[in-house]
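Peer 1: If it helps, the file is called start.cif and holds mmCIF, C-alpha atoms (C1' of nucleotides):
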```cif
data_upload
#
loop_
_atom_site.label_atom_id
_atom_site.label_comp_id
_atom_site.auth_asym_id
_atom_site.auth_seq_id
_atom_site.Cartn_x
_atom_site.Cartn_y
_atom_site.Cartn_z
CA MET W 375 116.10 102.82 120.83
CA GLN W 376 116.12 104.91 117.71
CA LYS W 377 114.34 108.20 117.25
CA LEU W 378 112.28 106.74 114.43
CA THR W 379 111.12 103.94 116.67
CA ARG W 380 110.13 106.31 119.47
CA SER W 381 108.25 108.61 117.10
CA LEU W 382 106.31 105.73 115.60
CA LEU W 383 105.40 104.26 118.99
CA ARG W 384 104.22 107.63 120.25
CA TRP W 385 102.11 108.09 117.13
CA TYR W 386 100.66 104.60 117.60
CA GLU W 387 99.65 105.45 121.17
CA LYS W 388 97.84 108.57 119.96
CA LYS W 389 96.41 107.58 116.60
CA GLY W 390 96.45 103.78 116.54
CA ARG W 391 93.27 101.94 115.63
CA ARG W 392 91.20 100.13 118.23
CA LEU W 393 90.56 96.67 116.88
CA PRO W 394 88.64 93.74 118.39
CA TRP W 395 91.69 91.46 118.58
CA ARG W 396 94.05 94.16 119.78
CA ILE W 397 95.16 95.20 123.27
CA SER W 398 95.84 98.94 123.28
CA PRO W 399 99.32 100.10 124.29
CA TYR W 400 97.84 101.59 127.45
CA ASP W 401 96.22 98.34 128.51
CA LEU W 402 99.39 96.43 127.65
CA LYS W 403 101.31 98.67 130.04
CA THR W 404 98.89 97.83 132.86
CA GLY W 405 99.83 94.20 132.37
CA ILE W 406 96.82 93.01 130.38
CA LYS W 407 97.92 90.20 128.09
CA PRO W 408 96.77 89.59 124.52
CA ASP W 409 94.81 86.40 123.81
CA PRO W 410 97.02 84.39 121.43
CA TYR W 411 93.91 82.58 120.15
CA LYS W 412 92.35 85.86 119.04
CA VAL W 413 95.62 87.00 117.52
CA TRP W 414 95.90 83.74 115.62
CA VAL W 415 92.32 83.87 114.30
CA SER W 416 92.68 87.52 113.31
CA GLU W 417 95.98 86.94 111.53
CA ILE W 418 94.54 84.09 109.48
CA MET W 419 91.52 86.18 108.49
CA LEU W 420 93.69 89.18 107.71
CA GLN W 421 95.81 87.33 105.15
CA GLN W 422 95.29 89.36 101.97
CA THR W 423 92.08 90.70 103.46
CA THR W 424 91.29 94.22 104.66
CA VAL W 425 90.62 95.05 108.30
CA SER W 426 87.13 96.40 107.60
CA THR W 427 86.16 93.18 105.83
CA VAL W 428 87.51 91.03 108.65
CA ILE W 429 85.99 92.77 111.68
CA PRO W 430 82.40 91.41 111.45
CA TYR W 431 83.66 87.91 110.58
CA PHE W 432 86.11 87.99 113.47
CA ASN W 433 83.53 89.06 116.05
CA GLN W 434 81.09 86.39 114.98
CA PHE W 435 83.81 83.73 114.83
CA ILE W 436 84.91 84.45 118.40
CA GLU W 437 81.30 84.40 119.56
CA GLU W 438 80.84 81.00 117.95
CA TRP W 439 84.20 79.41 118.82
CA CYS W 440 85.83 81.21 121.75
CA ASN W 441 88.88 78.98 122.19
CA VAL W 442 90.97 76.27 120.55
CA ALA W 443 89.08 73.43 122.24
CA GLN W 444 85.71 74.62 120.97
CA LEU W 445 87.03 75.27 117.51
CA SER W 446 88.63 71.85 117.31
CA LYS W 447 85.21 70.23 117.81
CA ALA W 448 83.55 72.17 115.00
CA ASP W 449 82.34 70.53 111.82
CA GLN W 450 84.32 71.34 108.66
CA ASN W 451 81.25 72.31 106.63
CA GLU W 452 80.18 74.59 109.46
CA ILE W 453 83.48 76.46 109.37
CA ILE W 454 83.50 76.67 105.59
CA SER W 455 79.94 77.96 105.46
CA PHE W 456 80.90 80.53 108.05
CA TRP W 457 83.89 81.56 105.93
CA ALA W 458 81.69 82.06 102.82
CA GLY W 459 82.22 85.51 101.35
CA LEU W 460 85.59 86.02 103.01
CA GLY W 461 87.60 84.25 100.31
CA TYR W 462 90.69 82.03 100.27
CA TYR W 463 88.74 79.11 101.64
CA SER W 464 91.72 76.87 102.35
CA ARG W 465 92.12 79.13 105.37
CA ALA W 466 88.88 77.77 106.80
CA ARG W 467 89.96 74.16 106.48
CA ASN W 468 93.46 74.95 107.72
CA ILE W 469 92.30 76.76 110.84
CA LEU W 470 90.21 73.73 111.81
CA ARG W 471 93.07 71.32 111.08
CA SER W 472 95.38 73.50 113.15
CA ALA W 473 92.96 73.57 116.08
CA LYS W 474 92.82 69.78 116.11
CA GLU W 475 96.62 69.57 115.91
CA ILE W 476 97.01 72.05 118.76
CA MET W 477 94.69 69.91 120.89
CA ASP W 478 96.56 66.70 120.05
CA LYS W 479 100.15 67.88 120.24
CA TYR W 480 100.08 70.90 122.55
CA GLN W 481 97.19 70.21 124.96
CA GLY W 482 95.15 73.04 123.46
CA GLU W 483 97.79 75.70 124.05
CA ILE W 484 98.96 77.62 121.00
CA PRO W 485 102.71 77.02 120.83
CA GLU W 486 105.15 79.93 121.17
CA GLU W 487 108.01 78.36 119.23
CA LYS W 488 108.40 79.65 115.74
CA ASP W 489 109.03 76.30 114.09
CA LYS W 490 106.03 74.76 115.80
CA LEU W 491 103.83 77.63 114.66
CA LYS W 492 105.11 77.43 111.10
CA SER W 493 104.43 73.69 110.97
CA LEU W 494 100.71 74.35 111.52
CA PRO W 495 98.70 74.53 108.28
CA GLY W 496 98.05 78.08 107.09
CA ILE W 497 100.83 79.60 109.18
CA GLY W 498 103.88 80.81 107.26
CA GLU W 499 106.78 83.10 108.05
CA TYR W 500 104.72 86.26 108.45
CA THR W 501 101.87 84.79 110.50
CA ALA W 502 104.22 82.93 112.86
CA SER W 503 106.15 86.13 113.52
CA ALA W 504 102.95 88.12 114.00
CA ILE W 505 101.55 85.63 116.51
CA ARG W 506 104.82 85.70 118.42
CA SER W 507 105.33 89.47 118.46
CA ILE W 508 101.71 90.53 118.92
CA GLY W 509 100.30 87.55 120.80
CA PHE W 510 103.26 86.50 122.92
CA GLN W 511 105.15 89.81 123.08
CA LYS W 512 108.30 88.32 121.59
CA SER W 513 110.82 90.37 119.63
CA ASP W 514 110.21 88.82 116.20
CA ILE W 515 110.64 91.09 113.23
CA THR W 516 107.30 90.96 111.45
CA ILE W 517 107.03 92.08 107.84
CA ASP W 518 103.86 92.09 105.78
CA GLY W 519 102.94 93.86 102.55
CA ASN W 520 102.21 97.10 104.37
CA ILE W 521 105.49 97.17 106.19
CA GLU W 522 107.32 96.32 102.97
CA ARG W 523 105.82 99.44 101.43
CA ILE W 524 106.90 101.61 104.37
CA ILE W 525 110.43 100.22 104.38
CA THR W 526 110.95 100.61 100.64
CA ARG W 527 109.87 104.23 100.96
CA LEU W 528 111.90 104.91 104.11
CA PHE W 529 115.10 103.59 102.55
CA ARG W 530 114.26 104.54 98.96
CA ILE W 531 114.61 101.01 97.63
CA GLU W 532 114.20 101.31 93.89
CA THR W 533 113.77 97.64 92.98
CA PRO W 534 110.31 96.04 92.95
CA ILE W 535 109.38 94.49 96.29
CA ARG W 536 109.45 90.91 94.99
CA PHE W 537 113.14 91.28 94.17
CA SER W 538 114.19 93.15 97.32
CA LYS W 539 112.98 90.94 100.14
CA LYS W 540 116.50 90.42 101.47
CA ILE W 541 117.26 94.14 101.59
CA ILE W 542 113.93 94.86 103.22
CA GLN W 543 114.69 92.27 105.88
CA LYS W 544 118.06 93.90 106.54
CA LYS W 545 116.56 97.37 106.80
CA ALA W 546 113.80 96.10 109.08
CA LYS W 547 116.43 94.92 111.54
CA LEU W 548 117.63 98.50 111.78
CA ILE W 549 114.30 99.92 112.92
CA PHE W 550 112.52 97.13 114.85
CA PRO W 551 112.93 97.49 118.63
CA LYS W 552 113.60 94.57 120.99
CA ASN W 553 110.92 95.83 123.35
CA ARG W 554 107.32 96.51 122.40
CA THR W 555 107.91 94.79 119.08
CA GLY W 556 104.22 93.98 118.71
CA ASP W 557 103.19 97.58 119.30
CA PHE W 558 105.80 98.75 116.82
CA CYS W 559 104.64 96.27 114.23
CA GLN W 560 100.99 97.19 114.67
CA GLY W 561 101.94 100.85 114.65
CA LEU W 562 103.56 100.36 111.25
CA MET W 563 100.43 98.60 109.98
CA ASP W 564 98.26 101.49 111.14
CA LEU W 565 100.67 104.00 109.61
CA ALA W 566 100.51 102.10 106.32
CA ASN W 567 96.72 102.14 106.43
CA ILE W 568 96.15 105.72 107.53
CA ILE W 569 99.19 107.67 106.26
CA CYS W 570 101.64 105.71 104.13
CA LYS W 571 98.97 104.45 101.75
CA PRO W 572 99.75 102.78 98.40
CA ARG W 573 98.65 105.91 96.56
CA LYS W 574 98.83 109.51 97.71
CA PRO W 575 100.50 109.05 101.09
CA ILE W 576 99.76 111.88 103.52
CA CYS W 577 103.39 112.66 104.28
CA THR W 578 102.52 115.98 105.96
CA GLU W 579 100.95 113.99 108.81
CA CYS W 580 103.59 111.26 108.96
CA PRO W 581 105.44 110.95 112.28
CA ILE W 582 108.53 109.52 110.58
CA SER W 583 108.67 111.60 107.38
CA SER W 584 111.88 113.23 108.59
CA PHE W 585 113.56 109.81 108.34
CA CYS W 586 112.06 108.98 104.94
CA GLU W 587 114.47 109.13 102.01
CA SER W 588 111.69 108.89 99.43
CA PHE W 589 109.96 111.85 101.01
CA LYS W 590 113.22 113.76 101.02
CA GLU W 591 113.68 113.07 97.29
CA GLY W 592 110.01 113.56 96.40
CA GLU W 593 109.68 109.97 95.24
CA THR W 594 106.92 108.63 97.44
CA ASP W 595 104.70 108.31 94.36
CA SER W 596 107.17 106.14 92.44
CA ILE W 597 108.24 103.89 95.33
CA PRO W 598 107.60 101.05 95.75
CA VAL W 599 108.26 100.31 92.08
CA LYS W 600 105.43 98.24 90.67
CA VAL W 601 105.72 95.54 88.07
CA PRO W 602 103.16 95.34 85.25
CA LYS W 603 100.65 92.57 85.76
CA LYS W 604 99.54 89.93 83.33
CA PRO W 605 96.06 90.44 81.91
CA LYS W 606 93.45 88.05 83.25
CA PRO W 607 92.11 85.52 80.75
CA ILE W 608 88.34 85.11 80.43
CA ARG W 609 86.82 81.70 81.11
CA LYS W 610 83.30 80.76 80.17
CA GLY W 611 80.76 78.21 81.24
CA PHE W 612 77.16 77.44 82.18
CA VAL W 613 75.60 77.38 85.62
CA TYR W 614 72.35 75.51 86.25
CA PHE W 615 69.56 76.82 88.42
CA VAL W 616 67.11 73.94 88.65
CA LYS W 617 63.85 74.38 90.51
CA ASN W 618 61.38 71.77 91.47
CA ASN W 619 57.56 71.90 91.82
CA ASP W 620 57.86 72.31 95.57
CA ASN W 621 60.57 74.95 95.48
CA LYS W 622 63.52 72.64 95.90
CA ILE W 623 66.73 73.54 94.12
CA LEU W 624 69.74 71.51 93.11
CA MET W 625 73.11 72.28 94.64
CA GLU W 626 76.49 70.67 95.01
CA ARG W 627 79.35 70.80 97.50
CA ARG W 628 82.61 71.41 95.70
CA PRO W 629 85.63 69.18 96.34
CA ASP W 630 88.05 70.36 99.04
CA GLU W 631 90.90 71.06 96.68
CA GLY W 632 90.83 73.85 94.15
CA LEU W 633 88.79 76.98 93.62
CA LEU W 634 85.96 77.58 96.11
CA GLY W 635 87.01 74.30 97.70
CA GLY W 636 84.46 72.77 100.04
CA LEU W 637 81.85 75.41 99.37
CA LEU W 638 78.21 75.03 98.47
CA ALA W 639 77.61 75.81 94.79
CA PHE W 640 75.15 75.55 91.96
CA PRO W 641 75.98 72.80 89.50
CA SER W 642 77.95 74.11 86.56
CA SER W 643 79.91 73.10 83.50
CA ASP W 644 83.68 73.31 83.36
CA TRP W 645 85.00 76.85 83.09
CA LEU W 646 87.16 77.07 79.96
CA GLU W 647 88.63 79.72 77.72
CA ASN W 648 86.42 78.38 74.93
CA GLU W 649 82.79 78.07 75.91
CA PRO W 650 82.06 74.40 76.61
CA ASP W 651 79.12 72.54 75.07
CA LEU W 652 75.82 72.93 76.87
CA VAL W 653 75.04 69.66 78.60
CA PHE W 654 72.17 69.56 81.07
CA PRO W 655 72.87 67.97 84.45
CA ILE W 656 69.38 66.59 85.00
CA ASP W 657 66.05 66.06 83.23
CA ALA W 658 64.05 69.29 83.23
CA GLU W 659 62.45 71.91 81.06
CA TRP W 660 65.37 74.19 80.27
CA SER W 661 65.40 77.88 79.37
CA GLN W 662 67.68 79.43 76.77
CA PRO W 663 70.96 80.67 78.25
CA PHE W 664 70.46 84.42 77.77
CA ASP W 665 71.48 85.90 81.10
CA LYS W 666 75.11 86.20 82.08
CA ILE W 667 76.89 86.53 85.39
CA MET W 668 80.29 88.15 85.47
CA HIS W 669 82.73 87.46 88.25
CA GLU W 670 86.40 88.14 88.79
CA PHE W 671 88.81 85.86 90.59
CA THR W 672 92.45 86.42 91.40
CA HIS W 673 93.78 85.10 88.12
CA PHE W 674 90.87 84.94 85.65
CA LYS W 675 87.56 86.52 84.79
CA LEU W 676 84.50 84.33 84.59
CA GLU W 677 81.43 84.64 82.40
CA LEU W 678 78.69 82.20 83.37
CA LYS W 679 75.48 81.87 81.40
CA VAL W 680 72.59 81.01 83.67
CA VAL W 681 70.32 78.21 82.54
CA VAL W 682 67.05 77.81 84.43
CA GLY W 683 65.47 74.40 84.63
CA MET W 684 61.96 73.52 85.77
CA ALA W 685 61.71 69.97 86.99
CA GLY W 686 58.75 67.98 88.22
CA LYS W 687 60.74 65.70 90.44
CA PHE W 688 64.51 65.43 90.73
CA HIS W 689 66.14 62.33 89.35
CA ILE W 690 69.60 62.71 90.81
CA LYS W 691 72.42 61.61 88.55
CA LYS W 692 75.45 62.53 90.62
CA SER W 693 75.99 61.64 94.24
CA THR W 694 77.48 65.05 95.01
CA TYR W 695 74.16 66.79 94.36
CA GLU W 696 72.24 68.04 97.36
CA VAL W 697 68.65 69.25 97.35
CA PHE W 698 67.89 72.48 99.20
CA ASP W 699 64.71 74.34 99.95
CA LEU W 700 64.82 77.58 97.97
CA HIS W 701 63.27 79.76 100.65
CA SER W 702 65.23 78.43 103.60
CA LEU W 703 68.57 78.57 101.80
CA ASP W 704 70.66 81.21 103.50
CA GLU W 705 72.73 83.07 100.94
CA SER W 706 75.28 83.91 103.64
CA GLN W 707 76.63 80.36 103.37
CA LEU W 708 77.38 80.82 99.66
CA PRO W 709 80.54 82.27 98.11
CA THR W 710 79.98 85.59 96.38
CA LEU W 711 79.81 84.08 92.89
CA MET W 712 77.02 81.74 93.94
CA ARG W 713 75.16 84.56 95.68
CA LYS W 714 75.03 86.26 92.31
CA VAL W 715 73.73 83.07 90.71
CA LEU W 716 71.08 82.65 93.40
CA ARG W 717 69.72 86.17 92.91
CA LYS W 718 69.68 85.88 89.13
CA GLY W 719 68.17 82.40 89.26
CA LYS W 720 65.36 83.47 91.59
CA LYS W 721 64.50 86.39 89.32
CA LEU W 722 64.49 84.26 86.17
CA ALA W 723 62.49 81.46 87.77
CA ASN W 724 59.83 83.93 88.90
CA GLN W 725 59.53 85.41 85.42
CA LYS W 726 58.71 82.03 84.01
CA ILE W 727 55.64 81.52 86.18
"C1'" DA X 1442 110.10 82.40 90.40
"C1'" DA X 1443 105.55 81.82 89.07
"C1'" DA X 1444 100.91 80.10 89.66
"C1'" DT X 1445 96.98 79.26 92.56
"C1'" DC X 1446 93.72 80.80 95.73
"C1'" DG X 1447 88.46 85.53 96.72
"C1'" DG X 1448 86.52 89.34 97.43
"C1'" DG X 1449 86.04 94.06 98.39
"C1'" DG X 1450 87.73 98.92 99.39
"C1'" DT X 1451 89.83 102.89 97.27
"C1'" DC X 1452 91.16 106.22 94.24
"C1'" DG B 307 89.28 100.12 85.74
"C1'" DA B 308 93.80 99.34 88.33
"C1'" DC B 309 95.75 98.49 92.53
"C1'" DC B 310 96.20 96.27 96.77
"C1'" DC B 311 95.02 94.14 101.20
"C1'" DA B 312 98.40 91.95 108.66
"C1'" DG B 313 100.06 85.60 102.65
"C1'" DA B 314 100.42 80.43 102.27
"C1'" DT B 315 101.22 76.67 99.48
"C1'" DT B 316 102.14 74.23 95.37
"C1'" DT B 317 104.40 73.88 91.00
#
```
Step by step, read the file and then write its structure as structure tokens.
Peer 2:
Amino acid sequence: MQKLTRSLLRWYEKKGRRLPWRISPYDLKTGIKPDPYKVWVSEIMLQQTTVSTVIPYFNQFIEEWCNVAQLSKADQNEIISFWAGLGYYSRARNILRSAKEIMDKYQGEIPEEKDKLKSLPGIGEYTASAIRSIGFQKSDITIDGNIERIITRLFRIETPIRFSKKIIQKKAKLIFPKNRTGDFCQGLMDLANIICKPRKPICTECPISSFCESFKEGETDSIPVKVPKKPKPIRKGFVYFVKNNDNKILMERRPDEGLLGGLLAFPSSDWLENEPDLVFPIDAEWSQPFDKIMHEFTHFKLELKVVVGMAGKFHIKKSTYEVFDLHSLDESQLPTLMRKVLRKGKKLANQKI
DNA sequence: AAATCGGGGTC
DNA sequence: GACCCAGATTT
């Protein structure tokens, strides 16, 4: 084993984070085994999502569905509502689909084989490796965005990460140990989070700075090299907050595919780069669209004008509409955009009375 | 290789 | 504001 590897593992034992899905290196040594189910759930939630955001969702998820069998029996809308606020909602549908497939094909046991893992929906190269190394204590080299940053700095790779995946893979082979691969991997993640941060890494406290070529050359600020990003276009539209005499409101479940797929939403127009025409979804007394809601997605900004409608009785035009009681609607089952709409809509509706 | 798919923490 | 986070999947 290399010096770098030993230094990192020792640092991980001392400074590593305690996380709900993680078995500490001490407990691992006593023979306590990780729960592959928890590792799987955590890895799905952690895709492009920070640890601090995931922790409360993870704890509640495990409380609700403590194993594959239980999860497989859950209702899709239940899982999606649970996932609301976490983002990337295809993960919610995929984790349920995977649970069912694991019941059918593998008798409820999460498979260890890489190709079987990767064939499950929502599990790609990284997640399969992570489940194997962390959950099953296999020797898979596991590389995520954090570890890519560490490796490019360690080996002073001066090409942007998206063009240097092959080199990163080769360098990773040089430092990943055959034993305690999961600990090493998680140690790198913790190092990336605590020390080797995207900006202003704390190299004075880094256990492997003596092996770091970027540190040696004073280039930790310029590596990894970042590529300029495209500006986000702005899309516009209307969102309709329609309230009834007995405090019922009109909502809609979005189709599974696409943005906010499967989530509960307020009815809205299309979202286009040119503001669409204002067409009301239902007969009501409509306000002027003065108030705006701003929201930012991964690849566009959204400006929604809120239109409040007061209806006597609902005459439903579309079958996808669902009527909810305003006061018993739990905003926790809404995506963040629709939470904003709910708050604004409530305020505006109150002003009108 | 680029686009799609959320939301929030951090500096 | 810009950047990025234990990425996967489709185009």
Peer 1: What is the CA of Ile453 (chain W)-CA of Val425 (chain W) distance in Å, reported with one decimal?
Peer 2: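 If I compute the distance from CA of Ile453 (chain W) to CA of Val425 (chain W), I get 19.9 Å.
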Peer 1: Name the residues that the PyMOL selection byres ((chain W and resi 547-553) around 7) pulls out of this structure, and write them as a ChimeraX atom specification.
Peer 2: /W:375,379,513,515,543-546,554-555
Peer 1: Any idea which chain W residues end up within 10 Å of chain B if we count only C-alpha atoms (C1' of nucleotides), as a PyMOL selection string please?
Peer 2: chain W and resi 416-425+464-465+495-501+504+516-521+559-560+563-564+567+571-573+600+603
Peer 1: Go ahead and write the residues just picked, C-alpha atoms, as a PDB file, in the coordinates of the input.
Peer 2:
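The new file result_33.pdb reads:
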```
ATOM      1  CA  SER W 416      92.680  87.520 113.310  1.00  0.00           C
ATOM      2  CA  GLU W 417      95.980  86.940 111.530  1.00  0.00           C
ATOM      3  CA  ILE W 418      94.540  84.090 109.480  1.00  0.00           C
ATOM      4  CA  MET W 419      91.520  86.180 108.490  1.00  0.00           C
ATOM      5  CA  LEU W 420      93.690  89.180 107.710  1.00  0.00           C
ATOM      6  CA  GLN W 421      95.810  87.330 105.150  1.00  0.00           C
ATOM      7  CA  GLN W 422      95.290  89.360 101.970  1.00  0.00           C
ATOM      8  CA  THR W 423      92.080  90.700 103.460  1.00  0.00           C
ATOM      9  CA  THR W 424      91.290  94.220 104.660  1.00  0.00           C
ATOM     10  CA  VAL W 425      90.620  95.050 108.300  1.00  0.00           C
ATOM     11  CA  SER W 464      91.720  76.870 102.350  1.00  0.00           C
ATOM     12  CA  ARG W 465      92.120  79.130 105.370  1.00  0.00           C
ATOM     13  CA  PRO W 495      98.700  74.530 108.280  1.00  0.00           C
ATOM     14  CA  GLY W 496      98.050  78.080 107.090  1.00  0.00           C
ATOM     15  CA  ILE W 497     100.830  79.600 109.180  1.00  0.00           C
ATOM     16  CA  GLY W 498     103.880  80.810 107.260  1.00  0.00           C
ATOM     17  CA  GLU W 499     106.780  83.100 108.050  1.00  0.00           C
ATOM     18  CA  TYR W 500     104.720  86.260 108.450  1.00  0.00           C
ATOM     19  CA  THR W 501     101.870  84.790 110.500  1.00  0.00           C
ATOM     20  CA  ALA W 504     102.950  88.120 114.000  1.00  0.00           C
ATOM     21  CA  THR W 516     107.300  90.960 111.450  1.00  0.00           C
ATOM     22  CA  ILE W 517     107.030  92.080 107.840  1.00  0.00           C
ATOM     23  CA  ASP W 518     103.860  92.090 105.780  1.00  0.00           C
ATOM     24  CA  GLY W 519     102.940  93.860 102.550  1.00  0.00           C
ATOM     25  CA  ASN W 520     102.210  97.100 104.370  1.00  0.00           C
ATOM     26  CA  ILE W 521     105.490  97.170 106.190  1.00  0.00           C
ATOM     27  CA  CYS W 559     104.640  96.270 114.230  1.00  0.00           C
ATOM     28  CA  GLN W 560     100.990  97.190 114.670  1.00  0.00           C
ATOM     29  CA  MET W 563     100.430  98.600 109.980  1.00  0.00           C
ATOM     30  CA  ASP W 564      98.260 101.490 111.140  1.00  0.00           C
ATOM     31  CA  ASN W 567      96.720 102.140 106.430  1.00  0.00           C
ATOM     32  CA  LYS W 571      98.970 104.450 101.750  1.00  0.00           C
ATOM     33  CA  PRO W 572      99.750 102.780  98.400  1.00  0.00           C
ATOM     34  CA  ARG W 573      98.650 105.910  96.560  1.00  0.00           C
ATOM     35  CA  LYS W 600     105.430  98.240  90.670  1.00  0.00           C
ATOM     36  CA  LYS W 603     100.650  92.570  85.760  1.00  0.00           C
TER      37      LYS W 603
END
```
Peer 1: Taking all atoms of region 1442-1446 of chain X that the file lists and extending 6 Å past them on each side, where is the centre of the axis-aligned box and how long are its edges? Answer in Å to one decimal, as lines of an AutoDock Vina configuration file.
Peer 2:
```
center_x = 101.9
center_y = 80.8
center_z = 92.4
size_x = 28.4
size_y = 15.1
size_z = 18.7
```
Peer 1: Can you translate the PyMOL selection byres ((chain W and resi 660-665) around 7) into the concrete residues it hits in this file, as a ChimeraX atom specification?
Peer 2: /W:658-659,666-667,679-684
Peer 1: Would you list which chain W residues are within 7 Å of chain X using all atoms listed in the file, as a CSV table (one decimal) with C-alpha atoms, in the coordinates of the input?
Peer 2:
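Saved the output as part.csv:
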```csv
chain,number,residue,atom,x,y,z
W,459,GLY,CA,82.2,85.5,101.4
W,460,LEU,CA,85.6,86.0,103.0
W,461,GLY,CA,87.6,84.2,100.3
W,462,TYR,CA,90.7,82.0,100.3
W,633,LEU,CA,88.8,77.0,93.6
W,671,PHE,CA,88.8,85.9,90.6
W,672,THR,CA,92.4,86.4,91.4
```
Peer 1: Using all atoms listed in the file and a cutoff of 12 Å, can you tell me which residues are near (104.0, 111.9, 116.7) in the file's coordinates, and write them out as a list in words?
Peer 2: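 Counting all atoms listed in the file, I find these residues within 12 Å of (104.0, 111.9, 116.7): Lys377, Leu378, Thr379, Arg380, Ser381, Leu382, Leu383, Arg384, Trp385, Tyr386, Glu387, Lys388, Lys389, Gly390, Gly561, Leu565, Thr578, Glu579, Cys580, Pro581, Ile582, Ser583 and Ser584 of chain W.
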Peer 1: How many Å lie between CA of Gly635 (chain W) and CA of Pro485 (chain W), rounded to one decimal?
Peer 2: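 According to the coordinates, CA of Gly635 (chain W) and CA of Pro485 (chain W) are separated by 28.1 Å.
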Peer 1: So the first atom is CA of Ile406 (chain W) and the second is CA of Gly509 (chain W); what is the distance between them in Å, to one decimal place?
Peer 2: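 CA of Ile406 (chain W) sits 11.6 Å away from CA of Gly509 (chain W).
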Peer 1: Using the chain letters and residue numbers of this document, give as JSON, numbers by chain the residues selected by the PyMOL selection byres ((chain W and resi 698) around 6).
Peer 2: {"W": [622, 623, 697, 699]}
Peer 1: Atoms are missing here; could region 491-495 of chain W be completed with all heavy atoms and written as a short mmCIF file (atom, residue, chain, number, x, y, z; two decimals), in the coordinates of the input?
Peer 2:
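Result file follows (part-v7.cif):
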```cif
data_model
loop_
_atom_site.label_atom_id
_atom_site.label_comp_id
_atom_site.auth_asym_id
_atom_site.auth_seq_id
_atom_site.Cartn_x
_atom_site.Cartn_y
_atom_site.Cartn_z
N LEU W 491 104.89 76.84 115.29
CA LEU W 491 103.83 77.63 114.66
C LEU W 491 103.83 77.44 113.15
O LEU W 491 102.80 77.21 112.53
CB LEU W 491 104.02 79.11 115.00
CG LEU W 491 103.63 79.52 116.42
CD1 LEU W 491 104.12 80.93 116.74
CD2 LEU W 491 102.12 79.45 116.61
N LYS W 492 105.03 77.51 112.56
CA LYS W 492 105.11 77.43 111.10
C LYS W 492 104.73 76.04 110.57
O LYS W 492 104.38 75.91 109.40
CB LYS W 492 106.53 77.78 110.62
CG LYS W 492 106.80 79.27 110.61
CD LYS W 492 108.19 79.60 110.11
CE LYS W 492 108.31 79.48 108.61
NZ LYS W 492 109.64 79.99 108.14
N SER W 493 104.80 75.04 111.42
CA SER W 493 104.43 73.69 110.97
C SER W 493 102.92 73.50 110.96
O SER W 493 102.42 72.51 110.43
CB SER W 493 105.08 72.65 111.87
OG SER W 493 104.37 72.55 113.09
N LEU W 494 102.18 74.44 111.55
CA LEU W 494 100.71 74.35 111.52
C LEU W 494 100.21 74.82 110.15
O LEU W 494 100.76 75.77 109.58
CB LEU W 494 100.09 75.21 112.62
CG LEU W 494 100.37 74.73 114.06
CD1 LEU W 494 99.98 75.81 115.06
CD2 LEU W 494 99.61 73.44 114.35
N PRO W 495 99.18 74.16 109.61
CA PRO W 495 98.70 74.53 108.28
C PRO W 495 98.13 75.94 108.23
O PRO W 495 97.33 76.31 109.10
CB PRO W 495 97.63 73.48 107.97
CG PRO W 495 97.25 72.90 109.29
CD PRO W 495 98.45 73.02 110.17
#
```
